[in-house]
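A.B. asks: One structure, pasted below without further comment.
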Amino acid sequence: MSFSKKTDEKLQSNRNIIARLIAVIIFPMPIPFLIWLTLQDILKILSFADIIYFNWRSLPILTVMPLYLAYEVAFLSSFFTRNQKVDPRVMKYVDKLGMITCIIFFSSVLLGPAINIAFAFSSYHSCPVGGAFSGVYYVKDKNKCFEITGVKPWGKSDSKKQN
């Protein structure tokens, strides 16, 4: 009976190590890709270029990245403790960062539509795009909308052909 119990504990320990290794290897893979995409959107807004693509999801994704990295540190720290659990000192900081991230995340969710409204009152024109969850192209010249999206700008129908 004792031998079986020790074997089960050893098997469970091996499964935990494999699960943590998978978390440490696979979990950080999308981080560079997500940071590159979101920073690209944010930097284009700040550059005031002639053509700006803004996706409202960029801000919330970017605000979650510090917590994403903190969880990665927590996973890594579990390898270096005797009981193979996350060090409580690390979790204390991860919890605090989690609370701060939640506040910033929800404010960034509200900020996304505010940026879209700000563009509506600026010198930029939005180009019609398909889909509710796609980003929006903002251009200074309405004629560039067709080049970007392939959709004619608002009010540019073939009214001469109808007469």
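Numbering starts fresh at 1 for the residues of each chain in the structure tokens, the chains themselves are lettered A, B, ... in the order given, and ligands are numbered from 1 as they appear.
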Find the residues near A:Asp50: any atom within 10 Å, counting only C-alpha atoms, skip ones fewer than 4 places away on the same chain, and give them as a list in words.
C.D. replies: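 Final neighbour list, sorted by chain and number: Lys44, Tyr124, Tyr138, Val139, Lys140, Asp141 and Lys144 of chain A.
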A.B. asks: Give me the residues within 10 Å of A:Ile61 as an mmCIF file with all heavy atoms, in the first residue's frame, counting only C-alpha atoms and dropping any in the same chain fewer than 2 places off.
C.D. replies:
data_model
loop_
_atom_site.group_PDB
_atom_site.id
_atom_site.type_symbol
_atom_site.label_atom_id
_atom_site.label_comp_id
_atom_site.auth_asym_id
_atom_site.auth_seq_id
_atom_site.Cartn_x
_atom_site.Cartn_y
_atom_site.Cartn_z
ATOM 1 N N LEU A 34 2.111 40.018 -29.712
ATOM 2 C CA LEU A 34 1.073 40.930 -29.229
ATOM 3 C C LEU A 34 1.626 42.321 -28.942
ATOM 4 O O LEU A 34 0.995 43.336 -29.265
ATOM 5 C CB LEU A 34 0.417 40.361 -27.970
ATOM 6 C CG LEU A 34 -0.467 39.136 -28.179
ATOM 7 C CD1 LEU A 34 -0.907 38.566 -26.852
ATOM 8 C CD2 LEU A 34 -1.658 39.481 -29.042
ATOM 9 N N ILE A 35 2.796 42.385 -28.354
ATOM 10 C CA ILE A 35 3.396 43.689 -28.064
ATOM 11 C C ILE A 35 3.715 44.422 -29.364
ATOM 12 O O ILE A 35 3.459 45.619 -29.493
ATOM 13 C CB ILE A 35 4.653 43.523 -27.181
ATOM 14 C CG1 ILE A 35 4.233 43.102 -25.771
ATOM 15 C CG2 ILE A 35 5.453 44.816 -27.132
ATOM 16 C CD1 ILE A 35 5.383 42.805 -24.855
ATOM 17 N N LEU A 37 2.248 44.134 -32.328
ATOM 18 C CA LEU A 37 1.013 44.595 -32.977
ATOM 19 C C LEU A 37 0.389 45.790 -32.263
ATOM 20 O O LEU A 37 -0.030 46.762 -32.889
ATOM 21 C CB LEU A 37 -0.006 43.461 -33.042
ATOM 22 C CG LEU A 37 0.188 42.448 -34.143
ATOM 23 C CD1 LEU A 37 -0.877 41.363 -34.061
ATOM 24 C CD2 LEU A 37 0.131 43.102 -35.502
ATOM 25 N N THR A 38 0.311 45.715 -30.950
ATOM 26 C CA THR A 38 -0.344 46.792 -30.215
ATOM 27 C C THR A 38 0.491 48.067 -30.218
ATOM 28 O O THR A 38 -0.060 49.157 -30.367
ATOM 29 C CB THR A 38 -0.650 46.358 -28.776
ATOM 30 O OG1 THR A 38 0.565 45.939 -28.141
ATOM 31 C CG2 THR A 38 -1.651 45.230 -28.748
ATOM 32 N N LEU A 39 1.785 47.940 -30.073
ATOM 33 C CA LEU A 39 2.629 49.134 -30.110
ATOM 34 C C LEU A 39 2.617 49.792 -31.479
ATOM 35 O O LEU A 39 2.680 51.019 -31.585
ATOM 36 C CB LEU A 39 4.065 48.790 -29.711
ATOM 37 C CG LEU A 39 4.329 48.687 -28.223
ATOM 38 C CD1 LEU A 39 5.782 48.300 -27.973
ATOM 39 C CD2 LEU A 39 4.000 49.969 -27.509
ATOM 40 N N TRP A 56 -9.515 49.196 -31.490
ATOM 41 C CA TRP A 56 -9.803 49.527 -30.095
ATOM 42 C C TRP A 56 -9.272 48.483 -29.122
ATOM 43 O O TRP A 56 -9.088 48.767 -27.942
ATOM 44 C CB TRP A 56 -11.306 49.718 -29.893
ATOM 45 C CG TRP A 56 -12.110 48.453 -30.105
ATOM 46 C CD1 TRP A 56 -12.643 48.020 -31.269
ATOM 47 C CD2 TRP A 56 -12.438 47.483 -29.115
ATOM 48 N NE1 TRP A 56 -13.287 46.827 -31.079
ATOM 49 C CE2 TRP A 56 -13.189 46.477 -29.760
ATOM 50 C CE3 TRP A 56 -12.186 47.359 -27.757
ATOM 51 C CZ2 TRP A 56 -13.681 45.370 -29.097
ATOM 52 C CZ3 TRP A 56 -12.673 46.250 -27.095
ATOM 53 C CH2 TRP A 56 -13.419 45.270 -27.765
ATOM 54 N N ARG A 57 -8.975 47.266 -29.589
ATOM 55 C CA ARG A 57 -8.471 46.224 -28.694
ATOM 56 C C ARG A 57 -6.994 46.392 -28.358
ATOM 57 O O ARG A 57 -6.478 45.730 -27.469
ATOM 58 C CB ARG A 57 -8.696 44.866 -29.340
ATOM 59 C CG ARG A 57 -10.144 44.473 -29.448
ATOM 60 C CD ARG A 57 -10.264 43.097 -30.050
ATOM 61 N NE ARG A 57 -9.670 43.064 -31.383
ATOM 62 C CZ ARG A 57 -10.356 42.963 -32.496
ATOM 63 N NH1 ARG A 57 -11.651 42.895 -32.457
ATOM 64 N NH2 ARG A 57 -9.748 42.922 -33.652
ATOM 65 N N SER A 58 -6.303 47.251 -29.034
ATOM 66 C CA SER A 58 -4.865 47.410 -28.809
ATOM 67 C C SER A 58 -4.550 47.904 -27.405
ATOM 68 O O SER A 58 -3.609 47.417 -26.769
ATOM 69 C CB SER A 58 -4.270 48.379 -29.820
ATOM 70 O OG SER A 58 -4.377 47.868 -31.106
ATOM 71 N N LEU A 59 -5.314 48.865 -26.932
ATOM 72 C CA LEU A 59 -5.042 49.405 -25.594
ATOM 73 C C LEU A 59 -5.244 48.377 -24.484
ATOM 74 O O LEU A 59 -4.357 48.217 -23.635
ATOM 75 C CB LEU A 59 -5.903 50.641 -25.353
ATOM 76 C CG LEU A 59 -5.513 51.877 -26.150
ATOM 77 C CD1 LEU A 59 -6.540 52.974 -25.975
ATOM 78 C CD2 LEU A 59 -4.155 52.361 -25.727
ATOM 79 N N THR A 63 -2.219 46.895 -21.995
ATOM 80 C CA THR A 63 -2.227 47.106 -20.547
ATOM 81 C C THR A 63 -2.131 45.796 -19.767
ATOM 82 O O THR A 63 -1.735 45.811 -18.601
ATOM 83 C CB THR A 63 -3.497 47.858 -20.101
ATOM 84 O OG1 THR A 63 -4.646 47.109 -20.489
ATOM 85 C CG2 THR A 63 -3.550 49.232 -20.692
ATOM 86 N N VAL A 64 -2.465 44.672 -20.380
ATOM 87 C CA VAL A 64 -2.409 43.388 -19.693
ATOM 88 C C VAL A 64 -1.007 42.769 -19.751
ATOM 89 O O VAL A 64 -0.694 41.874 -18.970
ATOM 90 C CB VAL A 64 -3.473 42.439 -20.291
ATOM 91 C CG1 VAL A 64 -3.376 41.047 -19.742
ATOM 92 C CG2 VAL A 64 -4.853 42.984 -20.024
ATOM 93 N N MET A 65 -0.146 43.252 -20.611
ATOM 94 C CA MET A 65 1.176 42.649 -20.794
ATOM 95 C C MET A 65 2.031 42.602 -19.514
ATOM 96 O O MET A 65 2.688 41.587 -19.272
ATOM 97 C CB MET A 65 1.949 43.372 -21.897
ATOM 98 C CG MET A 65 1.497 43.024 -23.289
ATOM 99 S SD MET A 65 1.697 41.290 -23.647
ATOM 100 C CE MET A 65 0.055 40.913 -24.175
ATOM 101 N N PHE A 105 -6.837 48.304 -17.073
ATOM 102 C CA PHE A 105 -7.496 47.589 -18.169
ATOM 103 C C PHE A 105 -8.895 48.157 -18.425
ATOM 104 O O PHE A 105 -9.247 48.465 -19.562
ATOM 105 C CB PHE A 105 -7.588 46.094 -17.848
ATOM 106 C CG PHE A 105 -8.399 45.314 -18.830
ATOM 107 C CD1 PHE A 105 -7.852 44.929 -20.038
ATOM 108 C CD2 PHE A 105 -9.706 44.960 -18.551
ATOM 109 C CE1 PHE A 105 -8.597 44.203 -20.953
ATOM 110 C CE2 PHE A 105 -10.461 44.244 -19.463
ATOM 111 C CZ PHE A 105 -9.898 43.862 -20.660
ATOM 112 N N SER A 108 -8.774 51.510 -19.934
ATOM 113 C CA SER A 108 -8.377 51.487 -21.344
ATOM 114 C C SER A 108 -9.509 50.982 -22.234
ATOM 115 O O SER A 108 -9.593 51.375 -23.403
ATOM 116 C CB SER A 108 -7.127 50.636 -21.541
ATOM 117 O OG SER A 108 -7.413 49.269 -21.357
ATOM 118 N N VAL A 109 -10.366 50.126 -21.710
ATOM 119 C CA VAL A 109 -11.532 49.693 -22.479
ATOM 120 C C VAL A 109 -12.444 50.886 -22.742
ATOM 121 O O VAL A 109 -13.030 51.009 -23.818
ATOM 122 C CB VAL A 109 -12.284 48.557 -21.739
ATOM 123 C CG1 VAL A 109 -13.651 48.301 -22.356
ATOM 124 C CG2 VAL A 109 -11.460 47.284 -21.749
#
A.B. asks: List the spatial neighbours of A:Lys96 as a VMD selection string - criterion: any atom at most 12 Å away, only C-alpha atoms, same-chain residues fewer than 6 positions off excluded.
C.D. replies: chain A and resid 66 to 67 70 89 to 90 102 to 103
A.B. asks: Pull the alpha helix (DSSP H) assignments for stretch 23-163 of chain A out of DSSP run on the backbone, and list those residues as number ranges by chain.
C.D. replies: A: 23-26, 30-47, 58-77, 88-120, 144-149, 159-162
A.B. asks: Can you check which residues of chain A DSSP gives as strand (DSSP E) on the backbone and send them as a PyMOL selection string?
C.D. replies: chain A and resi 51-54+125-126+136-139
A.B. asks: To one decimal in Å, tell me the separation between atom CA of A:Glu72 and atom CA of A:Phe27.
C.D. replies: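 Here the two named atoms are 7.4 Å from each other.
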A.B. asks: Please measure the separation of atom CA of A:Met91 and atom CA of A:Leu110, giving the value in Å to one decimal.
C.D. replies: 28.6 Å
A.B. asks: Would you write out, as JSON lines, a table of all residues in stretch 2-76 of chain A that have an atom no more than 10 Å from an atom of stretch 81-84 of chain A, listing for each the closest atom pair and the distance in Å to one decimal, considering only C-alpha atoms and ordering rows by chain and rising residue number?
C.D. replies:
{"residue": "A:Ser13", "atom": "CA", "partner": "A:Gln84", "partner_atom": "CA", "distance": 9.1}
{"residue": "A:Asn16", "atom": "CA", "partner": "A:Gln84", "partner_atom": "CA", "distance": 8.9}
{"residue": "A:Ile17", "atom": "CA", "partner": "A:Gln84", "partner_atom": "CA", "distance": 8.6}
{"residue": "A:Arg20", "atom": "CA", "partner": "A:Gln84", "partner_atom": "CA", "distance": 9.8}
{"residue": "A:Phe75", "atom": "CA", "partner": "A:Gln84", "partner_atom": "CA", "distance": 9.9}
{"residue": "A:Leu76", "atom": "CA", "partner": "A:Thr81", "partner_atom": "CA", "distance": 10.0}
A.B. asks: Next, write the just-selected residues to a file, as an mmCIF file, in the first residue's frame, keeping N, CA and C atoms as the atom set.
C.D. replies:
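Final output, out_26.cif:
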data_model
loop_
_atom_site.group_PDB
_atom_site.id
_atom_site.type_symbol
_atom_site.label_atom_id
_atom_site.label_comp_id
_atom_site.auth_asym_id
_atom_site.auth_seq_id
_atom_site.Cartn_x
_atom_site.Cartn_y
_atom_site.Cartn_z
ATOM 1 N N SER A 13 3.841 14.407 -9.067
ATOM 2 C CA SER A 13 4.919 15.385 -9.083
ATOM 3 C C SER A 13 5.466 15.555 -10.496
ATOM 4 N N ASN A 16 3.048 17.587 -12.515
ATOM 5 C CA ASN A 16 3.128 19.015 -12.169
ATOM 6 C C ASN A 16 4.324 19.674 -12.842
ATOM 7 N N ILE A 17 5.442 19.000 -12.860
ATOM 8 C CA ILE A 17 6.639 19.560 -13.492
ATOM 9 C C ILE A 17 6.405 19.725 -14.992
ATOM 10 N N ARG A 20 4.131 22.703 -15.558
ATOM 11 C CA ARG A 20 4.849 23.972 -15.376
ATOM 12 C C ARG A 20 5.801 24.242 -16.527
ATOM 13 N N PHE A 75 5.492 31.511 -12.613
ATOM 14 C CA PHE A 75 5.702 30.127 -13.060
ATOM 15 C C PHE A 75 7.158 29.726 -12.901
ATOM 16 N N LEU A 76 8.058 30.618 -13.297
ATOM 17 C CA LEU A 76 9.483 30.306 -13.184
ATOM 18 C C LEU A 76 9.920 30.157 -11.730
#
A.B. asks: Neighbouring residues of A:Ser126 were defined as those with any atom within 10 Å, considering only C-alpha atoms; residues of the same chain fewer than 3 positions away were excluded. Please report them as a short mmCIF file (atom, residue, chain, number, x, y, z; two decimals) with N, CA and C atoms, in the first residue's frame.
C.D. replies:
data_model
loop_
_atom_site.label_atom_id
_atom_site.label_comp_id
_atom_site.auth_asym_id
_atom_site.auth_seq_id
_atom_site.Cartn_x
_atom_site.Cartn_y
_atom_site.Cartn_z
N ILE A 51 -2.24 58.20 -42.89
CA ILE A 51 -3.12 57.03 -42.77
C ILE A 51 -2.84 56.38 -41.42
N ILE A 52 -3.90 56.23 -40.63
CA ILE A 52 -3.77 55.62 -39.31
C ILE A 52 -4.76 54.49 -39.20
N TYR A 53 -4.29 53.34 -38.76
CA TYR A 53 -5.17 52.21 -38.48
C TYR A 53 -5.29 52.10 -36.97
N ASN A 116 -11.83 56.83 -30.71
CA ASN A 116 -12.62 56.85 -31.95
C ASN A 116 -13.46 58.11 -32.05
N PHE A 119 -11.26 61.06 -33.00
CA PHE A 119 -10.96 61.10 -34.43
C PHE A 119 -12.13 61.64 -35.23
N ALA A 120 -13.34 61.41 -34.76
CA ALA A 120 -14.53 61.92 -35.47
C ALA A 120 -14.56 63.44 -35.49
N VAL A 129 -15.24 50.09 -43.23
CA VAL A 129 -14.65 48.75 -43.21
C VAL A 129 -15.73 47.77 -42.78
N VAL A 136 -10.33 50.47 -37.57
CA VAL A 136 -10.80 51.52 -38.47
C VAL A 136 -9.60 52.25 -39.02
N TYR A 137 -9.63 52.51 -40.33
CA TYR A 137 -8.61 53.34 -40.96
C TYR A 137 -9.08 54.78 -40.91
N TYR A 138 -8.19 55.67 -40.49
CA TYR A 138 -8.45 57.10 -40.51
C TYR A 138 -7.46 57.74 -41.48
N VAL A 139 -7.99 58.55 -42.38
CA VAL A 139 -7.15 59.19 -43.39
C VAL A 139 -7.44 60.69 -43.40
N LYS A 140 -6.45 61.46 -43.85
CA LYS A 140 -6.65 62.89 -43.98
C LYS A 140 -7.36 63.24 -45.28
N ASP A 141 -7.17 62.41 -46.31
CA ASP A 141 -7.80 62.63 -47.61
C ASP A 141 -8.78 61.50 -47.87
N LYS A 142 -10.06 61.83 -48.06
CA LYS A 142 -11.10 60.81 -48.24
C LYS A 142 -10.86 59.94 -49.47
N CYS A 145 -9.36 56.35 -49.14
CA CYS A 145 -10.12 55.24 -48.55
C CYS A 145 -10.28 54.09 -49.53
N PRO A 153 -15.80 55.73 -50.52
CA PRO A 153 -16.12 56.57 -49.37
C PRO A 153 -17.59 56.96 -49.37
N TRP A 154 -18.07 57.34 -48.21
CA TRP A 154 -19.46 57.75 -48.06
C TRP A 154 -19.76 58.93 -48.97
#
A.B. asks: Rounded to one decimal place, report the atom CA of A:Leu97-atom CA of A:Lys85 distance in Å.
C.D. replies: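 A separation of 19.1 Å between them.
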A.B. asks: So that I can check the surroundings of A:Val86, please list as a list in words every protein, DNA and RNA residue that reaches within 6 Å of it, counting only C-alpha atoms and ignoring chain neighbours fewer than 3 positions away.
C.D. replies: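 Everything that qualifies: Ala74, Ser77 and Ser78 of chain A.
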A.B. asks: Output the selection as a tab-separated table (two decimals), in the first residue's frame - N, CA and C atoms for each residue.
C.D. replies:
chain	number	residue	atom	x	y	z
A	74	ALA	N	6.12	34.19	-12.01
A	74	ALA	CA	5.57	33.30	-10.97
A	74	ALA	C	5.74	31.83	-11.36
A	77	SER	N	9.37	30.97	-10.85
A	77	SER	CA	9.78	30.89	-9.44
A	77	SER	C	9.34	29.59	-8.79
A	78	SER	N	8.33	28.94	-9.33
A	78	SER	CA	7.89	27.67	-8.74
A	78	SER	C	8.93	26.57	-8.92
